[in-house]
4 protein chains.
Amino acid sequence: MSELHWKQSITKIEPNKVMLRGYPIDELMGEKSYAECVYLALKGELPSVSEAKVINAILVSSIDHGATPPSALAAITSASTGAPINAALATGILSINKYHGGAIEGAMRTFLHIAELADDNDYELSEAVERLLSDYRVENKRVMGFGHRIHTDDPRQKRLFAMAKEAGLAGKYVEIAELVEAELHKQIGKKLPINVDGAIAALLCEMDFPPELANAFFIMSRMPGLVAHIHEEQTDHKPMRKIHPTDHDYSGPDERHL
Amino acid sequence: MSELHWKQSITKIEPNKVMLRGYPIDELMGEKSYAECVYLALKGELPSVSEAKVINAILVSSIDHGATPPSALAAITSASTGAPINAALATGILSINKYHGGAIEGAMRTFLHIAELADDNDYELSEAVERLLSDYRVENKRVMGFGHRIHTDDPRQKRLFAMAKEAGLAGKYVEIAELVEAELHKQIGKKLPINVDGAIAALLCEMDFPPELANAFFIMSRMPGLVAHIHEEQTDHKPMRKIHPTDHDYSGPDERHL
Amino acid sequence: MSELHWKQSITKIEPNKVMLRGYPIDELMGEKSYAECVYLALKGELPSVSEAKVINAILVSSIDHGATPPSALAAITSASTGAPINAALATGILSINKYHGGAIEGAMRTFLHIAELADDNDYELSEAVERLLSDYRVENKRVMGFGHRIHTDDPRQKRLFAMAKEAGLAGKYVEIAELVEAELHKQIGKKLPINVDGAIAALLCEMDFPPELANAFFIMSRMPGLVAHIHEEQTDHKPMRKIHPTDHDYSGPDERHL
Amino acid sequence: MSELHWKQSITKIEPNKVMLRGYPIDELMGEKSYAECVYLALKGELPSVSEAKVINAILVSSIDHGATPPSALAAITSASTGAPINAALATGILSINKYHGGAIEGAMRTFLHIAELADDNDYELSEAVERLLSDYRVENKRVMGFGHRIHTDDPRQKRLFAMAKEAGLAGKYVEIAELVEAELHKQIGKKLPINVDGAIAALLCEMDFPPELANAFFIMSRMPGLVAHIHEEQTDHKPMRKIHPTDHDYSGPDERHL
């Protein structure tokens, strides 16, 4: 044991044994879903059945949103130069920042702030929401997680909140998100509906994830979409083509249902 | 439509509608697992129940293997300098290459080569295995996906093959992997058991994934483990500490079972 | 011209002509140094002879500082997994953040803040320094760019300031840096000498570079050092070796002089 | 000294002393150019005056070539999402691969192969060139470093070769490059002039750099251009704008001369 000795609490390795947070990983395989193991890896314990459902839905919600977002465009730009798949993925992930994906963390911090404000001052949640949003207006600060360029009624947000309510997971933070939406309407006179980022933010708060992990959820969710775009770029397109950021159509299967 | 017009077949976006390979993503949420959606994103169709089980187990199998692998060490080295989580994750992913994670692709190419050799020459699989491994010996080429520094009897490989057999997914490529293990024993006189990379390789071949995607599966699987290490580094440790690559212990929960 | 039409002011390309900020690049080649062209690319104009000397010295100053810094360790960790050189370099660069390299930007912001405080309130520089550092103490905020774990008398800082003074480039910001050093001594009772980051910060302020570019100078400077470590790793060491963060010696040429 | 003890030959650190390949770095500062220190870091010795001139010209030659190359587009795509400058730079670097920048390494390998062929078989260089290019035609393999989409008479190539000839650095490899150009003309009946990548390749061969470092030279050269584009993106443009890959104009200073 050197003076640099340190400890980590995530995985124990022994010959012929890999234990994630104490559970042999071969026991988890086949019994637990990837989404449950995401929760286990990050929180140290397995989720409840309800939490597992919600985490899974969060991970599915943002898998892809077409070829226009910068994470997809950066990834395929790199892919078209002949990048190995890890480099193209890294490129995509490095394009997930404050203005793309970052709204989840921003919304989480706002929701947590509102809850704290209510707690500390014995305010009703609605009063805390009103006060904080008034402050934001004075400081010319934007609330993240509300409004969307394309989706006025985001089906992913509706699905997430419906699932959370059905699962008994919709508590204080879902209420706060809905109060913020209403208060924004009142203060600005314009409907800025909760978007998918705002919905994910509320649910990660309900499950007590810290806001520092918000971006990680978006990134984990985006991975299969990025892989699919990178692979299609390297399979179907010529290297070094000029990639137009909007002038592209969808050529996959028609709308279909489960 | 400009002269740069192009097509992608992954996701269609309309106002209030996001369709992954044709399926509205809000329908997938709650009905389909992340693992099933990984399959859908990459192959264009939903997996069978058996394939879904196996893909899920593959994604769980490599979530983490402690703090020693370079992907973990690079990620926490970056994290300890104050990197945002996407940069630390990119750092980890960029440390997954030929010698770390790359064995899955290497093994897939060997297995596919063997199957082709058998097909093209009407060889029995065992004959194709024997011939290719003899060639490898002459060319001083290593077979990837066999043998492990620590695990002589990798529980993850056993679990993956048991699940695949039970699910009726173990076909030609699982057979090839087992023949290679036996032939290696015969030629080298040493047991080099199929490792987790070799097992994943065989199963990805069974499900007809191209070898170019091998590394992507390893990377997707590694994400929650990397996130957990990065978060622990930034929560529990001082910035810029000297990170010893082996002198660390596990301080998490004791072994436990589902 | 589409509705996405945009402009950039850096480089004009015509058949058989590449003009950087207006200058044909083949005219710059052989006539101007890389350091002068760095200045040209970033500021839009060529530097004076004095500025050219100082920029060159800044770029040389941080080329390497051994194998212990996280940028070097992350880069060689990635290199040892078989990463291509661009991925290993990206890994190193992604490990240059707030706590490693970030002090240049921090110091620049402090120096600019002090100058502004003096200007706005008609303070002497020394008064502005005293007030700001007192505020920092109250807010428990650290001044960056002062003190060093190993170097109590950093030869790079001395050289940079000597050169700047000789070249007539040492003005307000060099004075501020020296006042901060003295004031820190007075307030803390401990000598925290200007380090190489603090010196670079003062000189970048003198040349009117914005603090957002501070990290870019450190990164450009670090490139040859990182390339050398990556290349040595892949040439002299075995893949996947365990890389000790401190237990290494220098095996290159003995001390020598120009 | 632990069992992980290792050695590196690049930089020695002592209190108040940083020695790059034996030279105190504060002695190099002000006396030696960045380009000379690049050579020192990578080769272990300082360059001759001629080599220093050529290395400097190589580093200047590829600083920027507008906003259209994928390294620039990926970097500004990431920058527009709010990436810190190191992440945007990493994104740009990760988009330098086989098809973008990679030609330097490709050309070096071809030139070295030709020289070896001539040596081993006592061929004239012209015979070795003819034989290898004939083989390439049979194998349908492209020679890299020749021909350009825009520049039929690349001024950077002309400048580099003129400088090398004047400096007495143009030897076997410059001759090989010129022979390849002539032979391509003869075999294909089309003029594919040596481009800037091919010229850099020949000169790196003359200075005995290994081909594994080719991409590193291109990356070091690209850094100031990438920094300039990233900074302009974050200063002049709105976050998350749609970035057209070709529909942009130059708005900087008019053509001017030294």
# chains A, B, ... in the order shown; residues from 1 in each chain; ligands from 1
$ select_by_dssp --residues "stretch 15-241 of chain B" --states "strand (DSSP E or B)" --output "PyMOL selection string"
chain B and resi 17-20+23-24+29+32+146+194
$ write_last_selection --atoms "all heavy atoms" --output "short mmCIF file (atom, residue, chain, number, x, y, z; two decimals), in the first residue's frame"
data_model
loop_
_atom_site.label_atom_id
_atom_site.label_comp_id
_atom_site.auth_asym_id
_atom_site.auth_seq_id
_atom_site.Cartn_x
_atom_site.Cartn_y
_atom_site.Cartn_z
N LYS B 17 -44.03 15.07 -33.06
CA LYS B 17 -43.86 13.66 -33.39
C LYS B 17 -42.38 13.37 -33.66
O LYS B 17 -41.76 14.04 -34.47
CB LYS B 17 -44.66 13.34 -34.65
CG LYS B 17 -45.25 11.97 -34.64
CD LYS B 17 -46.32 11.86 -35.69
CE LYS B 17 -47.30 10.75 -35.40
NZ LYS B 17 -48.35 10.71 -36.45
N VAL B 18 -41.86 12.37 -32.99
CA VAL B 18 -40.49 11.91 -33.22
C VAL B 18 -40.58 10.42 -33.50
O VAL B 18 -41.04 9.67 -32.64
CB VAL B 18 -39.61 12.15 -31.96
CG1 VAL B 18 -38.21 11.57 -32.16
CG2 VAL B 18 -39.54 13.63 -31.62
N MET B 19 -40.22 10.01 -34.71
CA MET B 19 -40.38 8.60 -35.06
C MET B 19 -39.03 7.94 -35.31
O MET B 19 -38.35 8.26 -36.28
CB MET B 19 -41.27 8.46 -36.30
CG MET B 19 -42.75 8.63 -35.94
SD MET B 19 -43.76 9.04 -37.40
CE MET B 19 -43.14 10.70 -37.76
N LEU B 20 -38.68 6.99 -34.45
CA LEU B 20 -37.41 6.26 -34.59
C LEU B 20 -37.67 5.03 -35.44
O LEU B 20 -38.43 4.14 -35.05
CB LEU B 20 -36.90 5.86 -33.19
CG LEU B 20 -35.61 5.06 -33.13
CD1 LEU B 20 -34.41 5.86 -33.63
CD2 LEU B 20 -35.34 4.57 -31.70
N TYR B 23 -41.30 4.18 -35.65
CA TYR B 23 -42.10 4.08 -34.41
C TYR B 23 -42.10 5.40 -33.64
O TYR B 23 -41.02 5.90 -33.32
CB TYR B 23 -41.56 3.00 -33.48
CG TYR B 23 -41.68 1.61 -34.02
CD1 TYR B 23 -40.57 0.95 -34.53
CD2 TYR B 23 -42.91 0.94 -34.02
CE1 TYR B 23 -40.68 -0.34 -35.04
CE2 TYR B 23 -43.02 -0.35 -34.53
CZ TYR B 23 -41.90 -0.99 -35.03
OH TYR B 23 -42.02 -2.26 -35.53
N PRO B 24 -43.29 5.94 -33.33
CA PRO B 24 -43.31 7.13 -32.47
C PRO B 24 -42.57 6.83 -31.17
O PRO B 24 -42.84 5.81 -30.52
CB PRO B 24 -44.81 7.36 -32.21
CG PRO B 24 -45.49 6.70 -33.36
CD PRO B 24 -44.64 5.52 -33.73
N MET B 29 -41.46 4.42 -25.47
CA MET B 29 -41.22 4.72 -24.05
C MET B 29 -42.25 4.00 -23.19
O MET B 29 -43.44 4.19 -23.36
CB MET B 29 -41.32 6.23 -23.82
CG MET B 29 -40.21 7.04 -24.44
SD MET B 29 -40.66 8.81 -24.62
CE MET B 29 -40.85 9.26 -22.88
N LYS B 32 -41.02 -0.47 -24.57
CA LYS B 32 -39.81 -1.16 -25.01
C LYS B 32 -38.63 -0.74 -24.15
O LYS B 32 -38.55 0.41 -23.70
CB LYS B 32 -39.52 -0.83 -26.48
CG LYS B 32 -40.58 -1.36 -27.45
CD LYS B 32 -40.54 -2.89 -27.50
CE LYS B 32 -41.76 -3.47 -28.21
NZ LYS B 32 -41.82 -4.95 -28.07
N PHE B 146 -10.01 -14.49 -26.47
CA PHE B 146 -9.74 -15.72 -25.71
C PHE B 146 -8.66 -15.43 -24.67
O PHE B 146 -7.69 -14.73 -24.97
CB PHE B 146 -9.31 -16.84 -26.65
CG PHE B 146 -10.41 -17.25 -27.57
CD1 PHE B 146 -10.68 -16.52 -28.71
CD2 PHE B 146 -11.23 -18.32 -27.23
CE1 PHE B 146 -11.75 -16.87 -29.54
CE2 PHE B 146 -12.29 -18.69 -28.05
CZ PHE B 146 -12.56 -17.96 -29.22
N ILE B 194 -12.72 -18.77 -23.80
CA ILE B 194 -13.47 -17.65 -24.38
C ILE B 194 -13.67 -16.62 -23.28
O ILE B 194 -14.08 -16.96 -22.17
CB ILE B 194 -14.87 -18.12 -24.85
CG1 ILE B 194 -14.75 -19.32 -25.78
CG2 ILE B 194 -15.62 -16.97 -25.53
CD1 ILE B 194 -16.10 -19.98 -26.11
#
$ select_by_dssp --residues "stretch 14-99 of chain B" --states "helix (DSSP H, G or I)" --output "NGL selection string"
:B and (25-28 or 34-43 or 49-61 or 70-79 or 85-93)
$ write_last_selection --atoms "C-alpha atoms" --output "compact mmCIF listing (two decimals), in the first residue's frame"
# COMPACT_ATOMS: atom_id res chain seq x y z
CA ILE B 25 -40.75 7.37 -29.70
CA ASP B 26 -43.43 8.06 -27.09
CA GLU B 27 -44.96 4.68 -27.96
CA LEU B 28 -41.63 2.99 -27.43
CA TYR B 34 -33.50 0.75 -23.85
CA ALA B 35 -31.79 -2.43 -25.06
CA GLU B 36 -34.60 -3.10 -27.53
CA CYS B 37 -34.33 0.48 -28.77
CA VAL B 38 -30.57 0.11 -29.21
CA TYR B 39 -31.32 -2.84 -31.50
CA LEU B 40 -34.04 -0.86 -33.29
CA ALA B 41 -31.79 2.16 -33.79
CA LEU B 42 -28.93 0.09 -35.20
CA LYS B 43 -30.76 -2.58 -37.20
CA VAL B 49 -37.87 -11.48 -27.30
CA SER B 50 -34.77 -13.69 -27.28
CA GLU B 51 -32.62 -11.14 -29.03
CA ALA B 52 -33.85 -8.44 -26.63
CA LYS B 53 -32.76 -10.55 -23.66
CA VAL B 54 -29.32 -11.16 -25.12
CA ILE B 55 -28.73 -7.56 -26.19
CA ASN B 56 -29.70 -6.41 -22.72
CA ALA B 57 -27.29 -8.89 -21.12
CA ILE B 58 -24.50 -7.75 -23.45
CA LEU B 59 -25.10 -4.12 -22.46
CA VAL B 60 -25.05 -5.06 -18.77
CA SER B 61 -22.00 -7.34 -19.03
CA PRO B 70 -7.51 2.64 -19.06
CA SER B 71 -10.97 3.87 -19.99
CA ALA B 72 -11.71 4.42 -16.28
CA LEU B 73 -8.26 5.84 -15.49
CA ALA B 74 -8.28 8.30 -18.38
CA ALA B 75 -11.81 9.42 -17.50
CA ILE B 76 -11.00 10.09 -13.84
CA THR B 77 -7.69 11.73 -14.73
CA SER B 78 -9.62 14.20 -16.84
CA ALA B 79 -12.35 14.50 -14.19
CA ILE B 85 -18.84 15.30 -17.53
CA ASN B 86 -19.04 15.12 -21.33
CA ALA B 87 -15.30 15.82 -21.68
CA ALA B 88 -14.43 13.20 -19.05
CA LEU B 89 -16.67 10.67 -20.82
CA ALA B 90 -15.10 11.51 -24.19
CA THR B 91 -11.70 10.96 -22.62
CA GLY B 92 -12.78 7.52 -21.42
CA ILE B 93 -14.25 6.59 -24.79
$ residues_around --residues "D:Ala128" --least-positions-apart "6" --cutoff "8 Å" --atoms "only C-alpha atoms" --output "number ranges by chain"
D: 114-115, 117-118
$ write_last_selection --atoms "N, CA and C atoms" --output "PDB file, in the first residue's frame"
ATOM      1  N   ILE D 114       9.087   3.488 -51.739  1.00  0.00           N
ATOM      2  CA  ILE D 114       9.828   3.633 -53.001  1.00  0.00           C
ATOM      3  C   ILE D 114      11.335   3.646 -52.733  1.00  0.00           C
ATOM      4  N   ALA D 115      11.741   4.398 -51.712  1.00  0.00           N
ATOM      5  CA  ALA D 115      13.175   4.478 -51.400  1.00  0.00           C
ATOM      6  C   ALA D 115      13.725   3.108 -51.018  1.00  0.00           C
ATOM      7  N   LEU D 117      12.457   0.172 -51.885  1.00  0.00           N
ATOM      8  CA  LEU D 117      12.424  -0.659 -53.087  1.00  0.00           C
ATOM      9  C   LEU D 117      13.678  -0.422 -53.925  1.00  0.00           C
ATOM     10  N   ALA D 118      14.023   0.851 -54.080  1.00  0.00           N
ATOM     11  CA  ALA D 118      15.211   1.202 -54.859  1.00  0.00           C
ATOM     12  C   ALA D 118      16.468   0.653 -54.180  1.00  0.00           C
TER      13      ALA D 118
END
$ interface_residues --of "chain A" --to "chain D" --cutoff "7 Å" --atoms "only C-alpha atoms" --output "list in words"
Pro70, Ala74, Thr77, Ser78, Thr81, Gly82, Ala83, Ala87, Thr91, Leu94, Ser95, Ile96, Asn97, Lys98, Tyr99, His100, Pro239, Met240, Lys242, Ile243, His244 and Pro245 of chain A
$ closest_residue --among "D:Pro253, D:Pro155, D:Pro210, D:Gly147" --to "C:Thr235" --atoms "only C-alpha atoms"
D:Pro210
$ atom_distance --atom1 "atom CA of A:Gly106" --atom2 "atom CA of C:Thr110"
27.1 Å
$ closest_residue --among "A:Gln157, A:Thr152, A:Asn195, A:Asn215" --to "B:Pro15" --atoms "only C-alpha atoms"
A:Thr152
$ atom_distance --atom1 "atom CA of B:Glu181" --atom2 "atom CA of B:Met108"
14.3 Å
$ residues_around --residues "D:Thr11" --least-positions-apart "4" --cutoff "8 Å" --atoms "only C-alpha atoms" --output "JSON, numbers by chain"
{"C": [64, 65, 66, 67, 250, 252], "D": [18, 19, 20, 21, 22]}
$ residues_around --residues "D:His248" --least-positions-apart "2" --cutoff "6 Å" --atoms "only C-alpha atoms" --output "MDAnalysis selection string"
(chainID C and resid 5:7) or (chainID D and resid 246)
$ write_last_selection --atoms "all heavy atoms" --output "CSV table (one decimal), in the first residue's frame"
chain,number,residue,atom,x,y,z
C,5,HIS,N,-26.8,31.5,-45.3
C,5,HIS,CA,-25.6,32.2,-45.7
C,5,HIS,C,-24.9,32.9,-44.5
C,5,HIS,O,-25.6,33.5,-43.6
C,5,HIS,CB,-25.9,33.3,-46.7
C,5,HIS,CG,-24.7,33.9,-47.2
C,5,HIS,ND1,-23.8,33.3,-48.1
C,5,HIS,CD2,-24.1,35.1,-47.0
C,5,HIS,CE1,-22.8,34.1,-48.4
C,5,HIS,NE2,-23.0,35.2,-47.7
C,6,TRP,N,-23.6,32.7,-44.4
C,6,TRP,CA,-22.9,33.3,-43.2
C,6,TRP,C,-21.5,33.8,-43.7
C,6,TRP,O,-21.1,33.6,-44.8
C,6,TRP,CB,-22.8,32.4,-42.0
C,6,TRP,CG,-22.2,31.1,-42.3
C,6,TRP,CD1,-22.6,30.0,-43.1
C,6,TRP,CD2,-20.9,30.6,-41.8
C,6,TRP,NE1,-21.7,29.0,-43.0
C,6,TRP,CE2,-20.6,29.3,-42.3
C,6,TRP,CE3,-19.9,31.2,-41.0
C,6,TRP,CZ2,-19.5,28.6,-42.0
C,6,TRP,CZ3,-18.8,30.5,-40.7
C,6,TRP,CH2,-18.6,29.2,-41.1
C,7,LYS,N,-20.9,34.5,-42.8
C,7,LYS,CA,-19.6,35.1,-43.1
C,7,LYS,C,-18.5,34.7,-42.1
C,7,LYS,O,-18.8,34.5,-40.9
C,7,LYS,CB,-19.7,36.6,-43.1
C,7,LYS,CG,-20.5,37.2,-44.3
C,7,LYS,CD,-20.7,38.7,-44.0
C,7,LYS,CE,-21.8,39.2,-45.0
C,7,LYS,NZ,-21.4,39.1,-46.4
D,246,THR,N,-21.0,25.2,-47.0
D,246,THR,CA,-20.3,25.8,-48.1
D,246,THR,C,-20.8,27.3,-48.4
D,246,THR,O,-20.1,28.1,-48.9
D,246,THR,CB,-20.5,25.1,-49.4
D,246,THR,OG1,-21.9,24.8,-49.6
D,246,THR,CG2,-19.8,23.7,-49.4
$ residues_around --residues "C:Val143" --least-positions-apart "5" --cutoff "10 Å" --atoms "only C-alpha atoms" --output "list in words"
Ala103, Gly106, Ala107, Arg109, Thr110, Phe111, Leu132, Leu133, Tyr136, Arg137, Val180, Glu181, Leu184 and Gly198 of chain C
$ write_last_selection --atoms "all heavy atoms" --output "tab-separated table (two decimals), in the first residue's frame"
chain	number	residue	atom	x	y	z
C	103	ALA	N	-5.48	28.18	-14.77
C	103	ALA	CA	-5.04	29.33	-13.97
C	103	ALA	C	-4.74	30.55	-14.83
C	103	ALA	O	-4.86	31.68	-14.37
C	103	ALA	CB	-3.81	28.95	-13.15
C	106	GLY	N	-7.97	32.35	-15.21
C	106	GLY	CA	-8.34	32.91	-13.90
C	106	GLY	C	-7.52	34.15	-13.57
C	106	GLY	O	-8.06	35.17	-13.13
C	107	ALA	N	-6.22	34.05	-13.79
C	107	ALA	CA	-5.35	35.20	-13.49
C	107	ALA	C	-5.67	36.38	-14.39
C	107	ALA	O	-5.72	37.53	-13.94
C	107	ALA	CB	-3.88	34.78	-13.64
C	109	ARG	N	-8.52	37.19	-15.68
C	109	ARG	CA	-9.76	37.82	-15.22
C	109	ARG	C	-9.50	38.68	-13.98
C	109	ARG	O	-10.06	39.77	-13.82
C	109	ARG	CB	-10.86	36.78	-14.97
C	109	ARG	CG	-11.28	36.08	-16.26
C	109	ARG	CD	-12.62	35.34	-16.16
C	109	ARG	NE	-12.88	34.61	-17.40
C	109	ARG	CZ	-13.41	35.15	-18.51
C	109	ARG	NH1	-13.78	36.42	-18.52
C	109	ARG	NH2	-13.60	34.42	-19.60
C	110	THR	N	-8.65	38.16	-13.09
C	110	THR	CA	-8.31	38.96	-11.90
C	110	THR	C	-7.58	40.24	-12.30
C	110	THR	O	-7.91	41.33	-11.82
C	110	THR	CB	-7.43	38.13	-10.94
C	110	THR	OG1	-8.18	36.98	-10.51
C	110	THR	CG2	-7.01	38.94	-9.72
C	111	PHE	N	-6.60	40.12	-13.17
C	111	PHE	CA	-5.80	41.30	-13.57
C	111	PHE	C	-6.70	42.33	-14.28
C	111	PHE	O	-6.59	43.54	-14.03
C	111	PHE	CB	-4.64	40.90	-14.49
C	111	PHE	CG	-3.65	39.96	-13.86
C	111	PHE	CD1	-2.77	39.21	-14.64
C	111	PHE	CD2	-3.56	39.81	-12.47
C	111	PHE	CE1	-1.85	38.34	-14.08
C	111	PHE	CE2	-2.63	38.94	-11.89
C	111	PHE	CZ	-1.79	38.20	-12.70
C	132	LEU	N	-9.25	44.44	-4.01
C	132	LEU	CA	-9.77	43.20	-4.60
C	132	LEU	C	-9.30	41.98	-3.80
C	132	LEU	O	-10.09	41.07	-3.51
C	132	LEU	CB	-9.35	43.03	-6.06
C	132	LEU	CG	-10.16	41.93	-6.75
C	132	LEU	CD1	-11.58	42.38	-7.07
C	132	LEU	CD2	-9.49	41.45	-8.03
C	133	LEU	N	-8.05	41.98	-3.39
C	133	LEU	CA	-7.57	40.81	-2.64
C	133	LEU	C	-8.25	40.70	-1.28
C	133	LEU	O	-8.49	39.59	-0.78
C	133	LEU	CB	-6.04	40.84	-2.49
C	133	LEU	CG	-5.24	40.67	-3.78
C	133	LEU	CD1	-3.83	40.20	-3.48
C	133	LEU	CD2	-5.90	39.70	-4.75
C	136	TYR	N	-11.45	39.10	-2.00
C	136	TYR	CA	-11.23	37.67	-2.24
C	136	TYR	C	-11.11	36.93	-0.91
C	136	TYR	O	-11.65	35.84	-0.75
C	136	TYR	CB	-9.93	37.46	-3.04
C	136	TYR	CG	-10.10	37.52	-4.55
C	136	TYR	CD1	-11.10	38.29	-5.15
C	136	TYR	CD2	-9.24	36.81	-5.39
C	136	TYR	CE1	-11.22	38.35	-6.53
C	136	TYR	CE2	-9.36	36.87	-6.77
C	136	TYR	CZ	-10.35	37.64	-7.34
C	136	TYR	OH	-10.46	37.69	-8.70
C	137	ARG	N	-10.39	37.54	0.05
C	137	ARG	CA	-10.21	36.87	1.34
C	137	ARG	C	-11.56	36.68	2.03
C	137	ARG	O	-11.84	35.62	2.58
C	137	ARG	CB	-9.28	37.67	2.26
C	137	ARG	CG	-7.85	37.70	1.75
C	137	ARG	CD	-6.91	38.09	2.85
C	137	ARG	NE	-6.69	36.99	3.78
C	137	ARG	CZ	-6.06	37.11	4.94
C	137	ARG	NH1	-5.60	38.31	5.32
C	137	ARG	NH2	-5.89	36.07	5.72
C	180	VAL	N	0.19	42.21	-7.02
C	180	VAL	CA	-0.59	41.13	-6.40
C	180	VAL	C	0.35	40.23	-5.60
C	180	VAL	O	0.04	39.84	-4.46
C	180	VAL	CB	-1.35	40.31	-7.47
C	180	VAL	CG1	-1.91	39.01	-6.86
C	180	VAL	CG2	-2.49	41.13	-8.06
C	181	GLU	N	1.50	39.91	-6.16
C	181	GLU	CA	2.47	39.06	-5.45
C	181	GLU	C	2.85	39.69	-4.10
C	181	GLU	O	2.84	39.03	-3.05
C	181	GLU	CB	3.72	38.84	-6.30
C	181	GLU	CG	4.73	37.92	-5.66
C	181	GLU	CD	6.01	37.79	-6.50
C	181	GLU	OE1	6.94	38.62	-6.32
C	181	GLU	OE2	6.08	36.88	-7.34
C	184	LEU	N	-0.21	39.71	-1.69
C	184	LEU	CA	-0.46	38.37	-1.14
C	184	LEU	C	0.51	38.09	0.01
C	184	LEU	O	0.11	37.56	1.05
C	184	LEU	CB	-0.27	37.29	-2.23
C	184	LEU	CG	-1.44	37.07	-3.18
C	184	LEU	CD1	-1.03	36.13	-4.31
C	184	LEU	CD2	-2.66	36.52	-2.44
C	198	GLY	N	0.63	32.76	-14.19
C	198	GLY	CA	0.39	34.17	-13.88
C	198	GLY	C	1.16	35.09	-14.82
C	198	GLY	O	0.65	36.14	-15.24
$ closest_residue --among "B:Glu139, B:Asp236, B:Glu206, B:Asp122" --to "B:Gly171" --atoms "only C-alpha atoms"
B:Glu206
$ decode --residues "stretch 118-129 of chain B" --atoms "N, CA and C atoms" --output "mmCIF file, in the first residue's frame"
data_model
loop_
_atom_site.group_PDB
_atom_site.id
_atom_site.type_symbol
_atom_site.label_atom_id
_atom_site.label_comp_id
_atom_site.auth_asym_id
_atom_site.auth_seq_id
_atom_site.Cartn_x
_atom_site.Cartn_y
_atom_site.Cartn_z
ATOM 1 N N ALA B 118 -15.559 -21.929 -44.271
ATOM 2 C CA ALA B 118 -16.315 -23.182 -44.287
ATOM 3 C C ALA B 118 -17.297 -23.174 -45.457
ATOM 4 N N ASP B 119 -18.012 -22.086 -45.593
ATOM 5 C CA ASP B 119 -18.992 -21.957 -46.678
ATOM 6 C C ASP B 119 -18.358 -22.094 -48.052
ATOM 7 N N ASP B 120 -17.313 -21.327 -48.243
ATOM 8 C CA ASP B 120 -16.711 -21.262 -49.582
ATOM 9 C C ASP B 120 -16.080 -22.577 -50.000
ATOM 10 N N ASN B 121 -15.604 -23.342 -49.026
ATOM 11 C CA ASN B 121 -14.870 -24.556 -49.366
ATOM 12 C C ASN B 121 -15.574 -25.841 -48.938
ATOM 13 N N ASP B 122 -16.813 -25.661 -48.470
ATOM 14 C CA ASP B 122 -17.539 -26.840 -48.011
ATOM 15 C C ASP B 122 -16.786 -27.597 -46.919
ATOM 16 N N TYR B 123 -16.104 -26.826 -46.075
ATOM 17 C CA TYR B 123 -15.442 -27.452 -44.928
ATOM 18 C C TYR B 123 -16.450 -27.618 -43.786
ATOM 19 N N GLU B 124 -16.208 -28.599 -42.943
ATOM 20 C CA GLU B 124 -16.849 -28.592 -41.627
ATOM 21 C C GLU B 124 -16.339 -27.365 -40.868
ATOM 22 N N LEU B 125 -17.121 -26.843 -39.933
ATOM 23 C CA LEU B 125 -16.642 -25.705 -39.146
ATOM 24 C C LEU B 125 -15.324 -26.043 -38.460
ATOM 25 N N SER B 126 -15.238 -27.262 -37.923
ATOM 26 C CA SER B 126 -14.021 -27.622 -37.186
ATOM 27 C C SER B 126 -12.795 -27.592 -38.094
ATOM 28 N N GLU B 127 -12.989 -27.977 -39.353
ATOM 29 C CA GLU B 127 -11.856 -27.949 -40.274
ATOM 30 C C GLU B 127 -11.460 -26.500 -40.580
ATOM 31 N N ALA B 128 -12.461 -25.657 -40.776
ATOM 32 C CA ALA B 128 -12.185 -24.246 -41.055
ATOM 33 C C ALA B 128 -11.452 -23.613 -39.875
ATOM 34 N N VAL B 129 -11.882 -23.965 -38.665
ATOM 35 C CA VAL B 129 -11.223 -23.444 -37.462
ATOM 36 C C VAL B 129 -9.764 -23.890 -37.435
#
